[in-house]
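**Q** Contents of data.txt (compact mmCIF, C-alpha atoms):
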```
# COMPACT_ATOMS: atom_id res chain seq x y z
CA MET R 67 80.96 94.49 152.74
CA ALA R 68 80.18 91.97 155.42
CA LEU R 69 81.28 91.28 158.95
CA ALA R 70 81.69 88.00 160.74
CA SER R 71 78.82 87.11 163.00
CA TRP R 72 79.71 87.50 166.66
CA ASP R 73 77.59 87.68 169.79
CA LEU R 74 74.58 89.21 168.05
CA SER R 75 72.26 88.48 170.97
CA GLN R 76 74.45 90.60 173.19
CA LEU R 77 74.66 93.24 170.47
CA PHE R 78 70.87 93.38 170.09
CA VAL R 79 70.57 93.86 173.86
CA ARG R 80 73.02 96.74 173.69
CA ILE R 81 71.24 98.31 170.73
CA ALA R 82 67.83 97.94 172.36
CA ALA R 83 69.05 99.46 175.61
CA GLY R 84 70.75 102.24 173.73
CA ALA R 85 67.70 102.91 171.62
CA ALA R 86 65.51 103.12 174.70
CA ALA R 87 67.88 105.55 176.34
CA ALA R 88 68.15 107.55 173.13
CA ALA R 89 64.39 107.71 172.78
CA LEU R 90 64.03 109.00 176.32
CA MET R 91 66.79 111.57 175.92
CA CYS R 92 65.60 112.62 172.48
CA GLY R 93 62.10 113.07 173.82
CA VAL R 94 63.31 115.29 176.66
CA ALA R 95 65.60 117.28 174.38
CA ALA R 96 62.90 117.69 171.74
CA ALA R 97 60.41 118.90 174.36
CA GLN R 98 62.90 121.49 175.54
CA ALA R 99 64.44 122.64 172.29
CA THR R 100 62.25 121.67 169.32
CA SER R 101 58.65 121.99 168.20
CA GLY R 102 56.41 121.17 165.28
CA PRO R 103 56.07 117.97 163.28
CA PRO R 104 59.21 115.82 163.10
CA VAL R 105 61.44 115.63 160.07
CA LYS R 106 61.37 111.94 159.18
CA ILE R 107 64.61 110.36 157.99
CA GLY R 108 64.47 106.82 156.64
CA VAL R 109 67.16 104.18 157.04
CA THR R 110 67.47 101.04 154.88
CA TYR R 111 70.41 99.20 156.42
CA PRO R 112 70.75 95.43 156.77
CA LEU R 113 69.88 94.36 160.30
CA SER R 114 69.71 90.65 159.47
CA GLY R 115 71.35 88.32 157.00
CA PRO R 116 75.07 87.96 156.23
CA GLN R 117 75.64 91.72 156.27
CA GLY R 118 73.41 92.42 159.26
CA ALA R 119 76.29 93.16 161.61
CA TRP R 120 77.16 96.28 159.61
CA GLY R 121 73.72 97.78 160.15
CA GLN R 122 73.68 96.73 163.79
CA LEU R 123 77.00 98.50 164.39
CA MET R 124 76.10 101.66 162.47
CA LEU R 125 72.54 102.17 163.70
CA PRO R 126 73.62 103.22 167.22
CA ALA R 127 75.79 105.98 165.69
CA ILE R 128 72.77 107.20 163.70
CA GLU R 129 70.64 107.21 166.84
CA ILE R 130 73.32 109.18 168.69
CA ALA R 131 73.46 111.71 165.85
CA ILE R 132 69.69 112.18 166.08
CA GLU R 133 69.85 112.43 169.87
CA GLN R 134 72.63 115.01 169.86
CA ARG R 135 71.10 117.03 167.04
CA ASN R 136 67.72 117.19 168.75
CA ALA R 137 69.38 118.22 172.01
CA ALA R 138 70.94 121.11 170.09
CA GLY R 139 67.60 122.26 168.61
CA GLY R 140 66.97 119.76 165.85
CA ALA R 141 66.80 121.09 162.29
CA GLY R 142 65.52 124.63 162.23
CA GLY R 143 63.77 124.02 165.54
CA ARG R 144 62.04 120.85 164.40
CA PRO R 145 62.89 117.43 165.85
CA LEU R 146 64.42 114.69 163.74
CA GLN R 147 62.82 111.24 163.74
CA LEU R 148 64.26 107.97 162.45
CA VAL R 149 62.20 105.38 160.62
CA VAL R 150 64.23 102.19 160.16
CA GLU R 151 63.62 99.27 157.80
CA ASP R 152 65.76 96.15 157.39
CA SER R 153 67.06 95.89 153.81
CA LYS R 154 68.59 92.48 154.60
CA GLY R 155 71.49 93.61 152.42
CA THR R 156 69.70 92.53 149.22
CA PRO R 157 68.43 94.57 146.25
CA ASP R 158 64.87 93.27 146.67
CA GLY R 159 64.97 93.97 150.40
CA GLY R 160 66.28 97.46 149.78
CA VAL R 161 63.55 98.25 147.26
CA SER R 162 60.78 96.94 149.53
CA ALA R 163 62.15 98.86 152.51
CA MET R 164 62.39 102.07 150.51
CA ARG R 165 58.86 101.77 149.14
CA LYS R 166 57.51 101.34 152.66
CA LEU R 167 59.46 104.31 154.01
CA VAL R 168 58.29 106.63 151.24
CA GLN R 169 54.74 105.44 150.61
CA VAL R 170 53.71 104.59 154.18
CA ASP R 171 55.99 106.56 156.50
CA SER R 172 56.36 109.68 154.32
CA VAL R 173 60.07 110.14 154.86
CA THR R 174 61.75 112.87 152.80
CA SER R 175 65.28 111.41 152.75
CA ILE R 176 66.90 108.01 153.19
CA LEU R 177 70.23 106.67 154.45
CA THR R 178 71.21 103.44 152.73
CA ILE R 179 74.28 101.27 152.13
CA PHE R 180 75.98 98.70 149.85
CA THR R 181 76.46 99.01 146.11
CA ASN R 182 73.99 96.26 145.14
CA VAL R 183 71.22 97.79 147.26
CA VAL R 184 71.89 101.38 146.21
CA SER R 185 71.95 100.38 142.54
CA ALA R 186 68.46 98.91 142.92
CA GLN R 187 67.18 101.94 144.83
CA ILE R 188 68.42 104.64 142.44
CA PRO R 189 65.50 104.18 139.99
CA LEU R 190 63.07 104.54 142.91
CA ALA R 191 64.87 107.67 144.09
CA LYS R 192 64.30 109.13 140.62
CA GLN R 193 60.68 107.98 140.56
CA PHE R 194 59.80 109.27 144.03
CA GLN R 195 62.22 112.22 143.79
CA ILE R 196 63.53 111.31 147.23
CA PRO R 197 67.22 111.87 148.01
CA ILE R 198 69.22 108.87 149.17
CA ILE R 199 72.73 109.05 150.63
CA SER R 200 75.09 106.19 151.29
CA PRO R 201 78.77 105.38 151.96
CA VAL R 202 79.23 103.44 148.71
CA GLU R 203 82.72 103.57 147.22
CA ALA R 204 82.00 102.49 143.62
CA PRO R 205 83.18 105.34 141.36
CA GLY R 206 80.41 106.91 139.30
CA LEU R 207 77.57 104.91 140.84
CA VAL R 208 75.57 108.00 141.86
CA ALA R 209 76.72 110.25 139.02
CA ASN R 210 73.74 109.85 136.70
CA THR R 211 70.92 110.93 138.99
CA GLN R 212 70.07 114.08 140.88
CA PHE R 213 68.69 112.13 143.84
CA ALA R 214 71.54 109.85 144.92
CA PHE R 215 74.62 110.93 146.89
CA ALA R 216 77.66 109.15 148.34
CA HIS R 217 79.76 110.04 151.36
CA SER R 218 82.87 107.88 151.50
CA PRO R 219 86.46 108.24 150.28
CA LEU R 220 87.06 106.58 146.94
CA VAL R 221 90.19 104.47 146.61
CA THR R 222 91.45 107.08 144.15
CA ARG R 223 91.59 109.44 147.14
CA SER R 224 92.85 107.08 149.85
CA LEU R 225 95.44 104.98 148.01
CA PRO R 226 97.82 107.71 146.75
CA GLY R 227 98.80 108.49 150.36
CA VAL R 228 99.65 104.82 150.93
CA ALA R 229 101.65 104.82 147.69
CA GLU R 230 103.66 107.75 148.99
CA VAL R 231 104.66 105.59 151.95
CA TRP R 232 105.71 102.91 149.47
CA ARG R 233 107.81 105.45 147.60
CA LYS R 234 109.43 106.97 150.68
CA THR R 235 110.33 103.55 152.09
CA GLY R 236 111.77 102.28 148.81
CA VAL R 237 109.18 99.59 148.05
CA LYS R 238 110.01 97.78 144.80
CA LYS R 239 107.73 94.70 144.73
CA ILE R 240 104.05 94.78 145.77
CA PHE R 241 101.79 91.76 146.05
CA ALA R 242 98.05 92.47 146.43
CA PHE R 243 95.17 90.34 147.72
CA TYR R 244 91.55 91.07 146.65
CA PRO R 245 88.24 89.18 146.99
CA ASN R 246 86.87 87.56 143.83
CA THR R 247 83.95 90.02 143.66
CA PRO R 248 83.23 93.09 141.48
CA VAL R 249 85.04 95.30 144.01
CA VAL R 250 88.33 94.24 142.41
CA LYS R 251 87.35 96.04 139.20
CA PHE R 252 87.72 99.47 140.73
CA ILE R 253 90.40 98.79 143.37
CA ALA R 254 93.02 96.77 141.49
CA PRO R 255 93.54 99.21 138.57
CA VAL R 256 94.20 102.06 141.01
CA ALA R 257 96.68 100.03 143.06
CA LYS R 258 98.43 98.82 139.92
CA ALA R 259 98.67 102.38 138.58
CA GLU R 260 100.09 103.67 141.86
CA ALA R 261 102.69 100.88 141.85
CA ALA R 262 103.67 101.84 138.30
CA ARG R 263 103.87 105.51 139.30
CA ILE R 264 106.54 104.77 141.91
CA GLY R 265 108.35 102.27 139.67
CA ALA R 266 107.43 99.14 141.64
CA GLN R 267 106.64 95.67 140.30
CA TYR R 268 103.08 94.53 140.99
CA GLU R 269 101.37 91.15 141.24
CA GLU R 270 97.95 90.15 142.63
CA ALA R 271 95.77 87.21 143.64
CA LEU R 272 92.05 86.80 144.31
CA PHE R 273 90.64 85.04 147.35
CA LYS R 274 87.19 83.58 147.89
CA LEU R 275 85.06 85.19 150.59
CA GLY R 276 84.33 82.71 153.35
CA ASP R 277 87.46 80.60 152.84
CA THR R 278 89.71 79.96 155.82
CA ASP R 279 92.84 78.52 154.21
CA PHE R 280 94.70 80.98 151.99
CA ARG R 281 98.10 79.26 151.97
CA GLY R 282 97.96 78.52 148.24
CA ILE R 283 97.79 82.14 147.12
CA ILE R 284 100.09 83.23 149.94
CA THR R 285 102.71 80.78 148.64
CA ARG R 286 102.43 82.55 145.28
CA ALA R 287 103.08 85.82 147.05
CA LYS R 288 106.11 84.39 148.84
CA GLU R 289 107.58 83.16 145.54
CA PHE R 290 107.17 86.68 144.15
CA GLY R 291 109.39 87.99 146.95
CA PRO R 292 107.41 91.13 147.87
CA ASP R 293 108.62 93.94 150.09
CA ALA R 294 105.01 95.14 150.54
CA ILE R 295 101.72 93.22 150.95
CA PHE R 296 98.53 95.13 150.02
CA ILE R 297 95.16 93.76 151.21
CA MET R 298 91.81 95.34 150.41
CA GLY R 299 88.29 94.03 149.98
CA HIS R 300 84.96 94.34 151.76
CA GLY R 301 86.29 94.78 155.28
CA THR R 302 85.66 91.12 156.09
CA PRO R 303 87.51 88.98 158.62
CA ASP R 304 88.91 86.95 155.71
CA GLU R 305 91.44 89.73 155.28
CA GLY R 306 92.53 89.39 158.90
CA SER R 307 93.01 85.67 158.35
CA ILE R 308 95.22 86.40 155.34
CA MET R 309 97.37 88.70 157.47
CA LYS R 310 97.83 85.97 160.06
CA GLN R 311 98.70 83.33 157.49
CA VAL R 312 101.10 85.66 155.66
CA ARG R 313 103.11 85.87 158.86
CA GLU R 314 102.77 82.15 159.62
CA LEU R 315 104.27 81.32 156.22
CA GLY R 316 107.28 83.52 156.90
CA ILE R 317 106.52 86.63 154.86
CA ASN R 318 107.78 89.57 156.91
CA ALA R 319 107.07 92.33 154.37
CA PRO R 320 105.10 95.30 155.76
CA LEU R 321 101.30 95.15 155.38
CA TYR R 322 99.18 97.87 153.75
CA GLY R 323 95.47 98.54 153.30
CA GLY R 324 93.39 100.94 151.23
CA CYS R 325 90.48 101.62 153.59
CA ALA R 326 89.84 102.31 157.25
CA CYS R 327 88.43 98.82 157.85
CA MET R 328 91.02 98.34 160.58
CA THR R 329 88.79 100.53 162.78
CA VAL R 330 86.03 97.87 162.61
CA LYS R 331 85.93 95.70 165.73
CA SER R 332 85.51 92.30 164.08
CA TYR R 333 88.12 93.11 161.42
CA ARG R 334 90.69 94.10 164.05
CA GLU R 335 89.96 91.02 166.11
CA SER R 336 90.27 88.68 163.13
CA ALA R 337 93.73 90.04 162.34
CA GLY R 338 94.94 90.38 165.92
CA PRO R 339 98.63 91.21 166.50
CA ALA R 340 99.46 90.27 162.90
CA ALA R 341 98.00 93.65 161.89
CA ASN R 342 100.27 95.65 164.19
CA GLY R 343 102.36 97.96 162.02
CA LEU R 344 99.94 97.83 159.07
CA VAL R 345 99.66 101.14 157.21
CA PHE R 346 96.27 102.08 155.76
CA GLY R 347 94.66 105.02 154.04
CA GLY R 348 91.03 105.96 154.45
CA PHE R 349 88.37 108.12 156.06
CA LYS R 350 89.94 110.67 158.39
CA TYR R 351 89.40 109.53 161.97
CA ASP R 352 90.60 112.14 164.43
CA LYS R 353 89.57 110.82 167.84
CA LYS R 354 89.65 114.30 169.37
CA ALA R 355 87.33 115.66 166.69
CA ALA R 356 85.02 112.65 167.07
CA ALA R 357 85.03 112.62 170.87
CA LYS R 358 81.33 113.43 171.31
CA LEU R 359 80.38 110.44 169.17
CA ILE R 360 83.08 108.12 170.49
CA ASP R 361 82.18 108.81 174.11
CA ALA R 362 78.45 108.29 173.59
CA TYR R 363 78.91 105.23 171.37
CA THR R 364 81.40 103.56 173.72
CA LYS R 365 79.09 104.12 176.66
CA ARG R 366 76.26 102.49 174.73
CA MET R 367 78.09 99.65 172.97
CA GLY R 368 81.18 98.99 175.08
CA PHE R 369 83.66 99.72 172.26
CA GLU R 370 84.55 102.58 169.92
CA PRO R 371 82.70 103.24 166.64
CA ASP R 372 84.32 102.38 163.31
CA TYR R 373 84.81 104.69 160.34
CA ALA R 374 81.49 103.68 158.74
CA SER R 375 79.66 104.82 161.87
CA LEU R 376 81.36 108.20 161.59
CA GLU R 377 80.22 108.44 157.97
CA ALA R 378 76.62 107.65 159.02
CA TYR R 379 76.79 110.27 161.80
CA ASP R 380 77.93 112.82 159.21
CA MET R 381 75.07 111.98 156.87
CA ILE R 382 72.41 112.67 159.50
CA ASN R 383 73.88 116.11 160.08
CA MET R 384 74.20 116.77 156.35
CA ILE R 385 70.47 116.14 156.02
CA ALA R 386 69.70 118.28 159.08
CA ASP R 387 71.79 121.15 157.72
CA SER R 388 69.96 120.85 154.40
CA VAL R 389 66.63 121.18 156.23
CA VAL R 390 67.87 124.31 157.98
CA LYS R 391 69.00 125.78 154.67
CA ASN R 392 66.19 124.75 152.32
CA GLY R 393 63.32 123.27 154.33
CA SER R 394 62.22 119.71 155.05
CA THR R 395 60.80 118.76 151.65
CA ALA R 396 62.57 116.11 149.63
CA LYS R 397 63.56 118.75 147.08
CA GLY R 398 64.89 121.04 149.79
CA ILE R 399 67.03 118.26 151.26
CA ARG R 400 68.21 117.21 147.80
CA ASP R 401 69.23 120.76 146.97
CA GLY R 402 71.01 121.07 150.30
CA LEU R 403 73.02 117.90 149.73
CA ALA R 404 73.85 118.88 146.15
CA THR R 405 75.28 122.24 147.28
CA LEU R 406 77.01 120.99 150.44
CA LYS R 407 80.24 122.89 151.02
CA ASP R 408 82.76 123.01 153.87
CA PHE R 409 80.70 120.69 156.06
CA PRO R 410 82.61 119.81 159.26
CA SER R 411 83.01 116.01 159.38
CA ILE R 412 82.86 114.31 162.78
CA GLY R 413 86.12 112.62 161.78
CA GLY R 414 87.87 115.94 161.27
CA GLY R 415 88.25 118.28 158.32
CA LEU R 416 85.73 119.68 155.86
CA VAL R 417 83.54 117.94 153.28
CA THR R 418 82.26 119.30 149.95
CA MET R 419 79.85 117.64 147.53
CA GLN R 420 80.97 117.31 143.91
CA GLU R 421 78.70 117.66 140.89
CA ASP R 422 78.70 113.87 140.47
CA GLY R 423 77.07 113.40 143.90
CA GLN R 424 80.26 112.11 145.60
CA THR R 425 81.74 113.99 148.51
CA ILE R 426 85.31 115.18 148.55
CA ILE R 427 86.15 113.87 151.97
CA PRO R 428 89.19 114.23 154.24
CA VAL R 429 91.45 111.19 154.22
CA GLY R 430 94.47 110.21 156.26
CA VAL R 431 97.21 107.61 156.36
CA TYR R 432 97.59 105.67 159.59
CA ARG R 433 99.82 103.06 161.15
CA VAL R 434 98.32 100.43 163.47
CA LYS R 435 100.03 100.55 166.85
CA ASP R 436 97.81 97.94 168.54
CA ALA R 437 95.02 96.34 166.54
CA LEU R 438 93.21 94.79 169.49
CA LYS R 439 93.21 98.08 171.42
CA ALA R 440 92.21 100.16 168.36
CA GLU R 441 95.33 102.30 168.67
CA PHE R 442 96.41 104.08 165.48
CA GLU R 443 98.76 106.94 164.68
CA GLU R 444 98.37 109.31 161.73
CA ILE R 445 101.56 109.39 159.71
CA THR R 446 100.53 111.52 156.70
CA PRO R 447 98.25 114.58 156.88
```
Rewrite the coordinates I just gave you, this time as structure tokens.
**A**
Amino acid sequence: MALASWDLSQLFVRIAAGAAAAALMCGVAAAQATSGPPVKIGVTYPLSGPQGAWGQLMLPAIEIAIEQRNAAGGAGGRPLQLVVEDSKGTPDGGVSAMRKLVQVDSVTSILTIFTNVVSAQIPLAKQFQIPIISPVEAPGLVANTQFAFAHSPLVTRSLPGVAEVWRKTGVKKIFAFYPNTPVVKFIAPVAKAEAARIGAQYEEALFKLGDTDFRGIITRAKEFGPDAIFIMGHGTPDEGSIMKQVRELGINAPLYGGCACMTVKSYRESAGPAANGLVFGGFKYDKKAAAKLIDAYTKRMGFEPDYASLEAYDMINMIADSVVKNGSTAKGIRDGLATLKDFPSIGGGLVTMQEDGQTIIPVGVYRVKDALKAEFEEITP
């Protein structure tokens, strides 16, 4: 996934200020409530490059999780400490960052992200016997190792709820838009199968990431005569541009999505009012349940966190709970993650880890009331 670049200088100022405040607060909390050597948690997120905005948006949520956990006594009375390395969003960058975190900084667990990076890091996780956890959505990616875990709803979990909306509203013709990347290999078959399940016709088109004019493929969609438009990819602003151009070319069919990308600031802004009314399925995001993160994040960044930030917040607490249960060694954390059960997600609901290393995670179906104001309503439990 990648986000459009926006005012990164302003964002870096916000992150730096937030980090300084977090460090001060964490230090005070740790002095009051924790003791002993810190439990070091590594992070290999992109902070630069085309995908850098993702890491820059998620890192504050991780810092807040550390801050709040330390204020509550840390992990078994020990403080948590972050060690962050920029993966640059590339396999080589991810491997280099992971080697440094393990061999130099002696971390005993790592948060990471993006399928291409995680795929390159899995052999190292096996070699070092260090658990890594990420929000990757590629089915089966972490299934063949005991040291890699994933915390994110697969499309096989999020899309059936959207398909139920199709069924209940009598949708008969669905046109889907996907990026021309490997992500289509595991999204499109699920969408096509769900369309077949409800007896709807299905057609699709691929778009090129970075393009700005999608009128050619949208004309194909218009000729198909859809009564539902499904858009899903990497959570990039391209998808928002497609929504706008769909409306500009006179297609009034309802819009649907298969992930909670609409909670991401740049994604919402790229779509604007064209996304109002869109129905999407994805990570459960109960704002009341997530209030302690939302309030702290908004104060720090000036806007609400997206679903990926909630996932990252969860992962810090999963690791901390594993330390409480099994100790701070890499094996103890690995065993804790592998046996995770009924973990309370910050987004609401309970999370359980499956044998294949993928969490069973609460999902919801939402309708966008106002994209620019980040107002959504849950329409399916």
**Q** Nearest to Lys350 in chain R among R:Gly413, R:Gly316, R:Gly398, R:Pro371, with distances taken over all atoms listed in the file: which residue is it?
**A**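 Nearest candidate to Lys350 in chain R out of R:Gly413, R:Gly316, R:Gly398, R:Pro371: R:Gly413.
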**Q** Which one is closest to Tyr322 in chain R: R:Gly282, R:Gly159, R:Pro112, R:Gly227? Count only C-alpha atoms.
**A**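 Using only C-alpha atoms, Tyr322 in chain R sits closest to R:Gly227.
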**Q** Could you check which of R:Ile295, R:Leu406, R:Ala229, R:Val429 is closest to Cys325 in chain R, using only C-alpha atoms?
**A** R:Val429
**Q** Which neighbours of Glu443 in chain R fall inside 8 Å, counting all atoms listed in the file, when residues of the same chain fewer than 2 positions from it are skipped, and could you give them as a list of chain:residue names?
**A** R:Tyr432, R:Arg433, R:Val434, R:Lys435, R:Glu441, R:Ile445
**Q** Quick one: distance from CA of Pro205 in chain R to CA of Glu269 in chain R in Å, one decimal?
**A** 23.1 Å
**Q** Do a neighbour search on Asp422 in chain R at 12 Å with only C-alpha atoms, toss out local chain neighbours closer than 6 positions, and write the hits as a ChimeraX atom specification.
**A** /R:205-217,403-405
**Q** What does the distance from CA of Ala141 in chain R to CA of Ile176 in chain R come to in Å, to one decimal?
**A**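 Atom-to-atom, CA of Ala141 in chain R and CA of Ile176 in chain R are spaced 15.9 Å apart.
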**Q** Kindly reconstruct range 264-288 of chain R with N, CA and C atoms and present the result as a compact mmCIF listing (two decimals), keeping the file's coordinate frame.
**A**
```txt
# COMPACT_ATOMS: atom_id res chain seq x y z
N ILE R 264 105.33 104.71 141.09
CA ILE R 264 106.54 104.77 141.91
C ILE R 264 107.62 103.81 141.40
N GLY R 265 107.37 103.16 140.26
CA GLY R 265 108.35 102.27 139.67
C GLY R 265 108.47 100.92 140.34
N ALA R 266 107.40 100.42 140.95
CA ALA R 266 107.43 99.14 141.64
C ALA R 266 106.79 98.04 140.79
N GLN R 267 107.29 96.82 140.91
CA GLN R 267 106.64 95.67 140.30
C GLN R 267 105.37 95.34 141.08
N TYR R 268 104.39 94.77 140.38
CA TYR R 268 103.08 94.53 140.99
C TYR R 268 102.55 93.17 140.56
N GLU R 269 102.03 92.42 141.52
CA GLU R 269 101.37 91.15 141.24
C GLU R 269 100.17 91.05 142.18
N GLU R 270 99.15 90.25 141.81
CA GLU R 270 97.95 90.15 142.63
C GLU R 270 97.36 88.75 142.60
N ALA R 271 96.51 88.47 143.58
CA ALA R 271 95.77 87.21 143.64
C ALA R 271 94.40 87.48 144.22
N LEU R 272 93.42 86.67 143.81
CA LEU R 272 92.05 86.80 144.31
C LEU R 272 91.77 85.70 145.31
N PHE R 273 91.04 86.04 146.37
CA PHE R 273 90.64 85.04 147.35
C PHE R 273 89.12 84.95 147.38
N LYS R 274 88.62 83.82 147.82
CA LYS R 274 87.19 83.58 147.89
C LYS R 274 86.67 83.94 149.28
N LEU R 275 85.67 84.81 149.31
CA LEU R 275 85.06 85.19 150.59
C LEU R 275 84.53 83.95 151.29
N GLY R 276 84.81 83.84 152.57
CA GLY R 276 84.33 82.71 153.35
C GLY R 276 85.35 81.60 153.51
N ASP R 277 86.40 81.61 152.68
CA ASP R 277 87.46 80.60 152.84
C ASP R 277 88.23 80.85 154.14
N THR R 278 88.89 79.83 154.60
CA THR R 278 89.71 79.96 155.82
C THR R 278 91.17 79.63 155.59
N ASP R 279 91.46 78.92 154.50
CA ASP R 279 92.84 78.52 154.21
C ASP R 279 93.31 79.23 152.94
N PHE R 280 94.23 80.18 153.12
CA PHE R 280 94.70 80.98 151.99
C PHE R 280 96.17 80.68 151.65
N ARG R 281 96.68 79.55 152.12
CA ARG R 281 98.10 79.26 151.97
C ARG R 281 98.53 79.11 150.52
N GLY R 282 97.61 78.68 149.65
CA GLY R 282 97.96 78.52 148.24
C GLY R 282 98.35 79.84 147.60
N ILE R 283 97.49 80.85 147.74
CA ILE R 283 97.79 82.14 147.12
C ILE R 283 98.89 82.87 147.88
N ILE R 284 99.01 82.60 149.18
CA ILE R 284 100.09 83.23 149.94
C ILE R 284 101.44 82.66 149.51
N THR R 285 101.47 81.39 149.16
CA THR R 285 102.71 80.78 148.64
C THR R 285 103.12 81.47 147.34
N ARG R 286 102.14 81.79 146.50
CA ARG R 286 102.43 82.55 145.28
C ARG R 286 103.07 83.88 145.62
N ALA R 287 102.53 84.53 146.64
CA ALA R 287 103.08 85.82 147.05
C ALA R 287 104.52 85.66 147.53
N LYS R 288 104.77 84.62 148.30
CA LYS R 288 106.11 84.39 148.84
C LYS R 288 107.11 84.16 147.71
```
